[in-house]
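One file, run_5.csv, is given below (CSV, C-alpha atoms).
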```
chain,number,residue,atom,x,y,z
A,1,MET,CA,115.1,121.3,48.4
A,2,HIS,CA,117.9,122.1,50.9
A,3,VAL,CA,118.8,119.6,53.6
A,4,ASP,CA,120.1,121.0,56.9
A,5,ARG,CA,123.0,118.6,57.6
A,6,ARG,CA,123.0,119.7,61.2
A,7,LEU,CA,119.6,117.9,61.6
A,8,LEU,CA,120.2,115.1,59.1
A,9,GLY,CA,121.4,112.7,61.8
A,10,TRP,CA,118.3,113.3,64.0
A,11,GLY,CA,116.0,112.8,61.0
A,12,LEU,CA,117.6,109.5,60.1
A,13,PHE,CA,117.5,108.3,63.7
A,14,PHE,CA,113.8,109.0,64.3
A,15,ILE,CA,112.8,107.6,60.9
A,16,LEU,CA,114.5,104.3,61.8
A,17,VAL,CA,113.4,104.2,65.4
A,18,GLY,CA,109.8,104.6,64.4
A,19,GLY,CA,109.9,102.7,61.1
A,20,ILE,CA,111.6,99.4,62.2
A,21,PRO,CA,108.9,98.5,64.8
A,22,LEU,CA,106.2,99.2,62.2
A,23,ALA,CA,108.0,97.1,59.6
A,24,VAL,CA,108.3,94.2,62.1
A,25,ARG,CA,104.6,94.4,63.0
A,26,ALA,CA,103.7,94.4,59.3
A,27,ASN,CA,105.9,91.4,58.7
A,28,VAL,CA,108.1,93.3,56.3
A,29,LEU,CA,111.1,92.7,58.5
A,30,SER,CA,111.8,89.4,60.3
A,31,GLU,CA,111.6,89.8,64.1
A,32,SER,CA,114.5,87.2,64.4
A,33,VAL,CA,116.7,89.4,62.3
A,34,VAL,CA,115.8,92.6,63.9
A,35,GLY,CA,116.4,91.0,67.3
A,36,GLN,CA,120.1,90.9,66.5
A,37,TRP,CA,120.3,94.7,66.9
A,38,ALA,CA,122.8,94.5,69.7
A,39,ASN,CA,125.4,92.8,67.4
A,40,LEU,CA,125.6,96.0,65.4
A,41,TRP,CA,127.8,97.9,68.0
A,42,PRO,CA,131.0,97.5,65.9
A,43,LEU,CA,129.4,99.7,63.2
A,44,LEU,CA,129.5,102.5,65.7
A,45,LEU,CA,133.3,102.2,65.9
A,46,ILE,CA,133.5,102.2,62.1
A,47,ALA,CA,131.2,105.2,61.8
A,48,TRP,CA,133.3,107.1,64.3
A,49,GLY,CA,136.5,106.2,62.5
A,50,ILE,CA,135.0,107.4,59.2
A,51,GLY,CA,134.0,110.6,60.9
A,52,LEU,CA,137.6,111.2,62.1
A,53,LEU,CA,139.1,110.5,58.7
A,54,LEU,CA,136.7,112.9,56.9
A,55,ARG,CA,136.9,115.6,59.5
A,56,SER,CA,137.3,119.1,58.0
A,57,THR,CA,136.4,117.8,54.6
A,58,PRO,CA,133.1,118.4,52.6
A,59,LEU,CA,132.1,114.8,53.5
A,60,GLU,CA,132.6,115.0,57.3
A,61,TRP,CA,128.8,114.7,57.7
A,62,VAL,CA,129.0,111.0,56.5
A,63,GLY,CA,130.4,109.8,59.8
A,64,GLY,CA,127.6,111.4,61.7
A,65,ALA,CA,125.0,110.1,59.3
A,66,LEU,CA,126.3,106.5,59.7
A,67,THR,CA,126.4,106.9,63.5
A,68,ALA,CA,122.7,108.1,63.4
A,69,ILE,CA,121.7,105.2,61.2
A,70,THR,CA,123.4,102.7,63.4
A,71,PHE,CA,121.8,104.1,66.6
A,72,GLY,CA,118.5,104.3,64.8
A,73,VAL,CA,118.6,100.6,63.7
A,74,MET,CA,119.6,99.5,67.2
A,75,GLY,CA,117.0,101.7,68.9
A,76,GLY,CA,114.3,100.5,66.5
A,77,GLY,CA,115.3,96.9,67.2
A,78,LEU,CA,115.2,97.4,70.9
A,79,ILE,CA,111.7,98.9,70.7
A,80,ALA,CA,110.5,96.1,68.4
A,81,THR,CA,112.0,93.1,70.2
A,82,GLY,CA,113.2,94.2,73.7
A,83,ALA,CA,116.5,93.4,75.4
A,84,SER,CA,115.7,89.7,76.3
A,85,GLY,CA,118.6,88.5,74.2
A,86,LEU,CA,121.2,90.3,76.0
A,87,PRO,CA,122.8,88.4,78.9
A,88,PHE,CA,124.8,91.4,80.1
A,89,ALA,CA,121.5,93.5,80.1
A,90,THR,CA,119.4,90.9,81.9
A,91,GLY,CA,121.9,89.4,84.3
A,92,CYS,CA,120.9,86.0,83.0
A,93,SER,CA,123.9,84.0,81.9
A,94,GLY,CA,125.3,80.5,81.8
A,95,SER,CA,124.2,77.4,80.1
A,96,GLY,CA,125.7,74.7,82.3
A,97,PRO,CA,123.9,71.6,83.6
A,98,THR,CA,121.1,71.9,86.1
A,99,SER,CA,119.9,69.6,88.8
A,100,ALA,CA,116.3,68.7,89.7
A,101,PHE,CA,115.1,70.2,93.0
A,102,PRO,CA,112.6,68.5,95.3
A,103,ASP,CA,109.0,68.8,94.2
A,104,ARG,CA,106.8,71.3,96.1
A,105,THR,CA,103.1,71.1,96.6
A,106,GLY,CA,100.2,72.4,98.7
A,107,ASP,CA,96.5,73.0,98.9
A,108,LEU,CA,94.6,76.3,98.5
A,109,GLY,CA,91.2,77.3,99.9
A,110,ALA,CA,88.3,78.9,98.1
A,111,THR,CA,90.2,82.1,97.5
A,112,ALA,CA,94.0,82.6,97.5
A,113,GLN,CA,96.8,84.9,96.6
A,114,VAL,CA,99.6,83.4,94.4
A,115,ASN,CA,102.8,85.4,94.1
A,116,LEU,CA,105.5,84.1,91.7
A,117,ASP,CA,108.9,85.8,91.2
A,118,PHE,CA,111.2,84.2,88.6
A,119,ASN,CA,114.7,85.2,87.5
A,120,CYS,CA,116.6,83.8,84.5
A,121,GLY,CA,115.6,80.7,82.6
A,122,SER,CA,112.4,79.0,81.5
A,123,LEU,CA,109.1,79.3,83.3
A,124,LYS,CA,105.9,77.3,82.5
A,125,VAL,CA,102.6,77.8,84.3
A,126,GLY,CA,99.6,75.7,83.6
A,127,THR,CA,96.4,74.6,85.4
A,128,GLY,CA,95.0,71.4,86.8
A,129,ASP,CA,91.8,70.1,88.4
A,130,GLY,CA,91.1,70.4,92.1
A,131,SER,CA,92.7,72.7,94.7
A,132,THR,CA,96.3,71.5,94.8
A,133,TRP,CA,99.2,73.4,93.3
A,134,SER,CA,102.5,71.8,92.5
A,135,LEU,CA,106.0,72.9,91.4
A,136,THR,CA,108.7,70.9,89.7
A,137,GLY,CA,111.9,71.9,88.0
A,138,SER,CA,115.7,72.3,88.1
A,139,ASP,CA,118.4,74.9,88.8
A,140,ARG,CA,122.1,75.1,89.2
A,141,ASP,CA,122.5,73.4,92.5
A,142,GLY,CA,119.2,71.6,93.0
A,143,ARG,CA,118.2,73.8,95.9
A,144,GLY,CA,115.0,75.1,94.4
A,145,PRO,CA,113.1,78.3,95.2
A,146,ARG,CA,111.9,79.6,98.5
A,147,VAL,CA,108.3,78.7,99.1
A,148,ALA,CA,105.9,80.0,101.7
A,149,SER,CA,102.5,78.3,101.5
A,150,THR,CA,99.2,78.3,103.5
A,151,THR,CA,95.6,77.7,102.3
A,152,ASP,CA,95.2,81.4,101.7
A,153,SER,CA,98.4,82.1,99.8
A,154,VAL,CA,101.5,80.7,98.2
A,155,SER,CA,104.7,82.7,97.5
A,156,ILE,CA,107.5,81.3,95.3
A,157,GLU,CA,110.7,83.2,94.7
A,158,PRO,CA,114.4,82.4,93.8
A,159,ASP,CA,116.7,81.4,96.7
A,160,ASP,CA,119.6,83.8,96.2
A,161,THR,CA,120.9,83.4,99.8
A,162,THR,CA,123.7,81.1,98.7
A,163,GLY,CA,125.0,82.9,95.6
A,164,PHE,CA,125.0,86.0,93.4
A,165,PRO,CA,121.4,86.8,92.4
A,166,GLY,CA,120.6,85.7,88.8
A,167,ALA,CA,123.9,83.9,88.4
A,168,GLY,CA,122.4,80.7,87.2
A,169,ARG,CA,119.5,79.6,85.0
A,170,SER,CA,116.4,77.7,86.3
A,171,ASN,CA,113.6,75.7,84.8
A,172,TRP,CA,110.3,75.8,86.7
A,173,SER,CA,107.0,74.2,85.9
A,174,LEU,CA,104.1,75.3,88.1
A,175,ILE,CA,100.5,73.9,88.1
A,176,LEU,CA,97.8,76.1,89.6
A,177,PRO,CA,94.5,74.6,90.7
A,178,ARG,CA,91.3,75.5,88.8
A,179,THR,CA,88.9,75.3,91.8
A,180,PRO,CA,90.0,78.3,93.9
A,181,SER,CA,89.6,81.9,92.9
A,182,ILE,CA,93.2,83.1,92.5
A,183,SER,CA,94.7,86.5,92.6
A,184,LEU,CA,97.9,86.2,90.6
A,185,GLY,CA,101.0,88.3,91.0
A,186,LEU,CA,103.8,87.4,88.6
A,187,THR,CA,107.2,89.0,88.1
A,188,LEU,CA,109.5,87.6,85.4
A,189,ASN,CA,113.1,89.0,85.2
A,190,ALA,CA,114.9,87.8,82.1
A,191,GLY,CA,114.3,84.4,80.5
A,192,GLU,CA,111.1,83.2,78.9
A,193,GLY,CA,107.7,82.5,80.4
A,194,ILE,CA,104.7,80.6,79.1
A,195,VAL,CA,101.6,81.0,81.2
A,196,ASP,CA,98.4,79.2,80.2
A,197,LEU,CA,95.5,79.8,82.6
A,198,THR,CA,92.9,77.7,80.8
A,199,GLY,CA,90.0,76.9,83.1
A,200,ALA,CA,91.3,79.0,86.0
A,201,SER,CA,89.2,81.5,88.0
A,202,VAL,CA,91.3,84.6,88.2
A,203,SER,CA,90.1,87.4,90.5
A,204,SER,CA,93.0,89.6,89.3
A,205,ALA,CA,96.3,89.3,87.5
A,206,THR,CA,99.2,91.7,88.0
A,207,VAL,CA,102.2,90.9,85.8
A,208,THR,CA,105.6,92.6,85.5
A,209,LEU,CA,108.1,91.6,82.8
A,210,ASN,CA,111.7,92.9,82.9
A,211,ALA,CA,114.0,92.3,79.9
A,212,GLY,CA,112.4,88.9,79.0
A,213,LYS,CA,109.8,87.3,76.9
A,214,LEU,CA,106.3,86.2,78.0
A,215,ASP,CA,103.2,84.5,76.6
A,216,LEU,CA,100.2,84.9,78.8
A,217,ASP,CA,97.1,83.1,77.7
A,218,MET,CA,93.8,83.9,79.5
A,219,GLY,CA,91.6,83.3,76.5
A,220,ALA,CA,89.9,80.3,78.0
A,221,VAL,CA,89.6,81.1,81.7
A,222,ALA,CA,86.6,80.1,83.7
A,223,ARG,CA,86.5,83.7,85.0
A,224,ALA,CA,88.9,86.7,85.0
A,225,ASP,CA,88.6,90.2,86.3
A,226,ASP,CA,91.1,93.1,86.0
A,227,VAL,CA,94.5,92.6,84.3
A,228,ASN,CA,97.5,94.8,85.0
A,229,THR,CA,100.7,94.3,83.0
A,230,THR,CA,104.0,96.3,82.9
A,231,VAL,CA,106.6,95.5,80.3
A,232,ASN,CA,110.1,96.9,80.6
A,233,ALA,CA,112.5,96.2,77.7
A,234,GLY,CA,110.8,93.0,76.9
A,235,ALA,CA,108.4,91.3,74.5
A,236,ALA,CA,105.0,90.2,75.8
A,237,ALA,CA,101.9,88.6,74.2
A,238,ILE,CA,98.6,88.5,76.1
A,239,THR,CA,95.5,86.7,75.0
A,240,LEU,CA,92.2,87.6,76.8
A,241,ASP,CA,88.6,86.5,76.4
A,242,GLY,CA,85.9,89.0,75.4
A,243,GLY,CA,84.8,89.7,78.9
A,244,SER,CA,84.3,93.2,80.3
A,245,ARG,CA,87.1,94.3,82.6
A,246,ASN,CA,89.8,96.9,83.2
A,247,VAL,CA,93.1,96.1,81.4
A,248,ASN,CA,96.0,98.4,82.4
A,249,LEU,CA,99.1,98.0,80.2
A,250,SER,CA,102.3,99.9,80.6
A,251,LEU,CA,105.1,99.5,78.0
A,252,ASN,CA,108.6,100.9,78.4
A,253,ALA,CA,110.6,99.8,75.4
A,254,GLY,CA,110.0,96.5,73.6
A,255,SER,CA,106.8,95.2,72.3
A,256,LEU,CA,103.4,94.1,73.6
A,257,GLN,CA,100.7,92.3,71.7
A,258,LEU,CA,97.1,92.0,73.0
A,259,CYS,CA,94.7,89.5,71.4
A,260,MET,CA,91.0,89.5,72.0
A,261,PRO,CA,88.1,87.8,70.1
A,262,ALA,CA,86.7,89.6,67.1
A,263,GLY,CA,83.6,91.7,68.0
A,264,THR,CA,84.7,92.4,71.5
A,265,PRO,CA,83.4,95.8,72.7
A,266,ILE,CA,86.5,97.9,73.5
A,267,ARG,CA,87.4,101.4,74.6
A,268,VAL,CA,91.1,102.3,74.6
A,269,SER,CA,92.7,105.2,76.5
A,270,TRP,CA,96.2,105.8,74.9
A,271,SER,CA,99.2,107.8,76.2
A,272,GLY,CA,102.9,107.8,76.1
A,273,THR,CA,106.0,109.1,74.3
A,274,LEU,CA,107.5,107.6,71.1
A,275,GLY,CA,105.0,104.8,71.3
A,276,SER,CA,103.3,103.2,68.3
A,277,ASN,CA,100.0,101.4,67.9
A,278,ASN,CA,97.9,99.8,65.1
A,279,PHE,CA,94.5,101.0,66.2
A,280,THR,CA,93.5,102.2,62.7
A,281,ALA,CA,94.6,98.9,61.1
A,282,ALA,CA,92.7,97.0,63.8
A,283,GLY,CA,89.5,98.7,62.8
A,284,LEU,CA,89.1,100.9,65.8
A,285,ILE,CA,87.4,104.3,65.6
A,286,LYS,CA,89.3,107.4,66.8
A,287,VAL,CA,87.2,109.4,69.2
A,288,ASP,CA,89.8,112.0,70.1
A,289,GLU,CA,93.6,112.2,70.4
A,290,SER,CA,93.7,109.7,73.3
A,291,THR,CA,90.6,107.6,72.9
A,292,TRP,CA,89.7,104.8,70.5
A,293,THR,CA,86.7,102.4,70.4
A,294,SER,CA,85.7,99.3,68.5
A,295,SER,CA,82.6,99.4,66.3
A,296,SER,CA,80.7,97.2,68.8
A,297,PHE,CA,81.3,99.6,71.7
A,298,ASN,CA,78.3,101.1,73.4
A,299,VAL,CA,78.8,103.4,76.3
A,300,LEU,CA,75.6,102.0,77.9
A,301,GLU,CA,76.8,98.4,77.7
A,302,PRO,CA,79.7,96.5,79.5
A,303,ALA,CA,83.0,96.6,77.6
A,304,ALA,CA,86.7,96.0,78.0
A,305,GLU,CA,88.4,99.2,79.1
A,306,LEU,CA,92.0,99.3,77.9
A,307,HIS,CA,94.4,101.8,79.4
A,308,VAL,CA,97.6,101.7,77.5
A,309,THR,CA,100.8,103.7,78.1
A,310,ALA,CA,103.7,103.2,75.7
A,311,ASN,CA,107.0,104.9,76.1
A,312,ALA,CA,109.4,104.0,73.2
A,313,GLY,CA,107.5,100.9,72.6
A,314,SER,CA,105.3,99.1,70.1
A,315,PHE,CA,101.7,98.1,71.0
A,316,GLU,CA,99.6,95.9,68.7
A,317,LEU,CA,95.9,95.0,69.2
A,318,ARG,CA,94.7,91.9,67.4
A,319,LEU,CA,91.0,91.2,67.3
A,320,GLY,CA,90.5,87.6,66.3
A,321,GLY,CA,94.2,87.0,65.7
A,322,THR,CA,96.8,84.9,67.5
A,323,CYS,CA,99.4,86.4,69.8
A,324,ARG,CA,103.1,85.4,70.1
A,325,ALA,CA,105.8,87.1,72.0
```

Kindly return the structure encoded in the file as C-alpha cells.
Amino acid sequence: MHVDRRLLGWGLFFILVGGIPLAVRANVLSESVVGQWANLWPLLLIAWGIGLLLRSTPLEWVGGALTAITFGVMGGGLIATGASGLPFATGCSGSGPTSAFPDRTGDLGATAQVNLDFNCGSLKVGTGDGSTWSLTGSDRDGRGPRVASTTDSVSIEPDDTTGFPGAGRSNWSLILPRTPSISLGLTLNAGEGIVDLTGASVSSATVTLNAGKLDLDMGAVARADDVNTTVNAGAAAITLDGGSRNVNLSLNAGSLQLCMPAGTPIRVSWSGTLGSNNFTAAGLIKVDESTWTSSSFNVLEPAAELHVTANAGSFELRLGGTCRA
C-alpha cells in the first residue's frame, strides 16, 4: 500500500478530530484530560521547528505530520469539551474576592416571562413554592445585576455600565416560583450554570450557552412544553421528562448530552457538518439518512420530536441514563 504523503496530514487530522470525541463518550479517554487540549499549543512550535530542521530531507514530512496530529488533538478536545476552560476565549477572568449584592425579589402572576443573562462565574437556578422569585449572590463590587420586574415578567442581566463587560466573576442564586406558568429565556456566557426546574411549570424554554458549561434539569417539572437550546463552544447536559414536545438543539463545537427516560417515544431529525452522534448505540432505528426513531415510536401517537443540528460537535442521547456537562 502506498501512502500519499501530501494527504497524510489531513488524514491524521480528521481521524483525531472525529476519534477523540467518540473515545471520550465511550469513557476510553478522560474528559478532564482531554479538556486540557489548549495547553498543547507549544507542541505546534516544536513541530514547526522539526519541519524547518528536516526541510529538503527525506523526512521533511515528519514536521507536517506532527503539526497535523497536534491540531487534530486540539480540535478533537475542543469538540469533546468546548472552550469553557479558556479565560482568553471566554472573556471570563479573575479570581479575586467578591462582595454580596442586595437581595432582589418580586412576585409573578399566573403567567410570566423570565429572561436571564449571565456572564462569567457561577449561576444556580432552583425553584420554590408560591409565586415569588428571589435573587441573591455576589460580584466584584457588590453592585449586582440590573433587574426589571413586573407581575408579567422579570429581566435580570449584568450591570456593565461601570466597567468592562465580563471583567469580573459573579455568583448568582435565583429561585423561580412553581405556581406561575413561566416562559424561560436563559443566556449563559462563560462560567458554569446549574439549572434545576423541579416542580416548575414551563410553557417554553429557550437556552443559549456560549463557551461555558451548563446542567439543565427538567426531568421532574410539573409541566413543560417546547425546549430550544443552542450551544456554541461549550458543554451542556439536558435532562427532560418523557413528555411529547418539540426539542430543537443546535450544537456548534463542544458537546451536548440529552437524557430522557427509557421507553420514551422519540423521533430525531439530524443534520450538520462534522458532527457525531450515538443513535445506534442508544438503540434508535435508522429510518433514512437524517431520521431516527426509538422502538416505542408510533407515528399515530404523541412523541418527543428532536431536531438536532451538530456542526463540529458531539451529541449524545441517553435513554434512562444520567447527564452531566

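Proximity of A:Thr105, A:Thr293, A:Ser122, A:Thr206 to Gly191 in chain A, computed with only C-alpha atoms, is greatest for A:Ser122.
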
Leaving out Arg245 in chain A and any residue of its chain fewer than 2 positions from it, which residues lie within 10 Å of it when counting only C-alpha atoms, given as a list in words?
Ala224, Asp225, Asp226, Val227, Gly242, Gly243, Val247, Asn248, Ile266, Pro302, Ala303, Ala304, Glu305 and Leu306 of chain A

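Across the structure, CA of Ala233 in chain A and CA of Ile194 in chain A are spaced 17.5 Å apart.
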
Residue contacts of range 195-202 of chain A (8 Å, all atoms listed in the file) excluding same-chain residues fewer than 4 positions away, as number ranges by chain
A: 123-127, 176-184, 214-225

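Nearest to Thr229 in chain A of all the residues A:Ala148, A:Val299, A:Ala211, A:Val308 is A:Val308, based on only C-alpha atoms.
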
Taking into account all atoms listed in the file, which residue in the set A:Arg140, A:Arg267, A:His307, A:Arg318 is nearest to Ser294 in chain A?
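Checking each candidate against Ser294 in chain A, we get A:Arg267 as the closest.
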
Contact residues around Thr136 in chain A with all atoms listed in the file at 8 Å, ignoring same-chain residues under 5 positions, as a PDB file with C-alpha atoms, in the coordinates of the input:
```
ATOM      1  CA  ALA A 100     116.300  68.700  89.700  1.00  0.00           C
ATOM      2  CA  PHE A 101     115.100  70.200  93.000  1.00  0.00           C
ATOM      3  CA  PRO A 102     112.600  68.500  95.300  1.00  0.00           C
ATOM      4  CA  ASP A 103     109.000  68.800  94.200  1.00  0.00           C
ATOM      5  CA  ARG A 104     106.800  71.300  96.100  1.00  0.00           C
ATOM      6  CA  TRP A 172     110.300  75.800  86.700  1.00  0.00           C
ATOM      7  CA  SER A 173     107.000  74.200  85.900  1.00  0.00           C
ATOM      8  CA  LEU A 174     104.100  75.300  88.100  1.00  0.00           C
TER       9      LEU A 174
END
```

Which is closest to Leu300 in chain A among A:Asn246, A:Gln36, A:Val147, A:Pro265, if we use only C-alpha atoms?
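Closest to Leu300 in chain A, using only C-alpha atoms: A:Pro265.
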
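With all atoms listed in the file as the basis for measurement, A:Leu116 is the residue among A:Ile50, A:Leu135, A:Leu116, A:Val207 that approaches Ile156 in chain A most closely.
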
So that I can check the surroundings of Gly321 in chain A, please list as JSON, numbers by chain every protein, DNA and RNA residue that reaches within 12 Å of it, counting all atoms listed in the file and ignoring chain neighbours fewer than 2 positions away.
{"A": [219, 237, 238, 239, 240, 257, 258, 259, 260, 261, 262, 263, 282, 316, 317, 318, 319, 323, 324]}
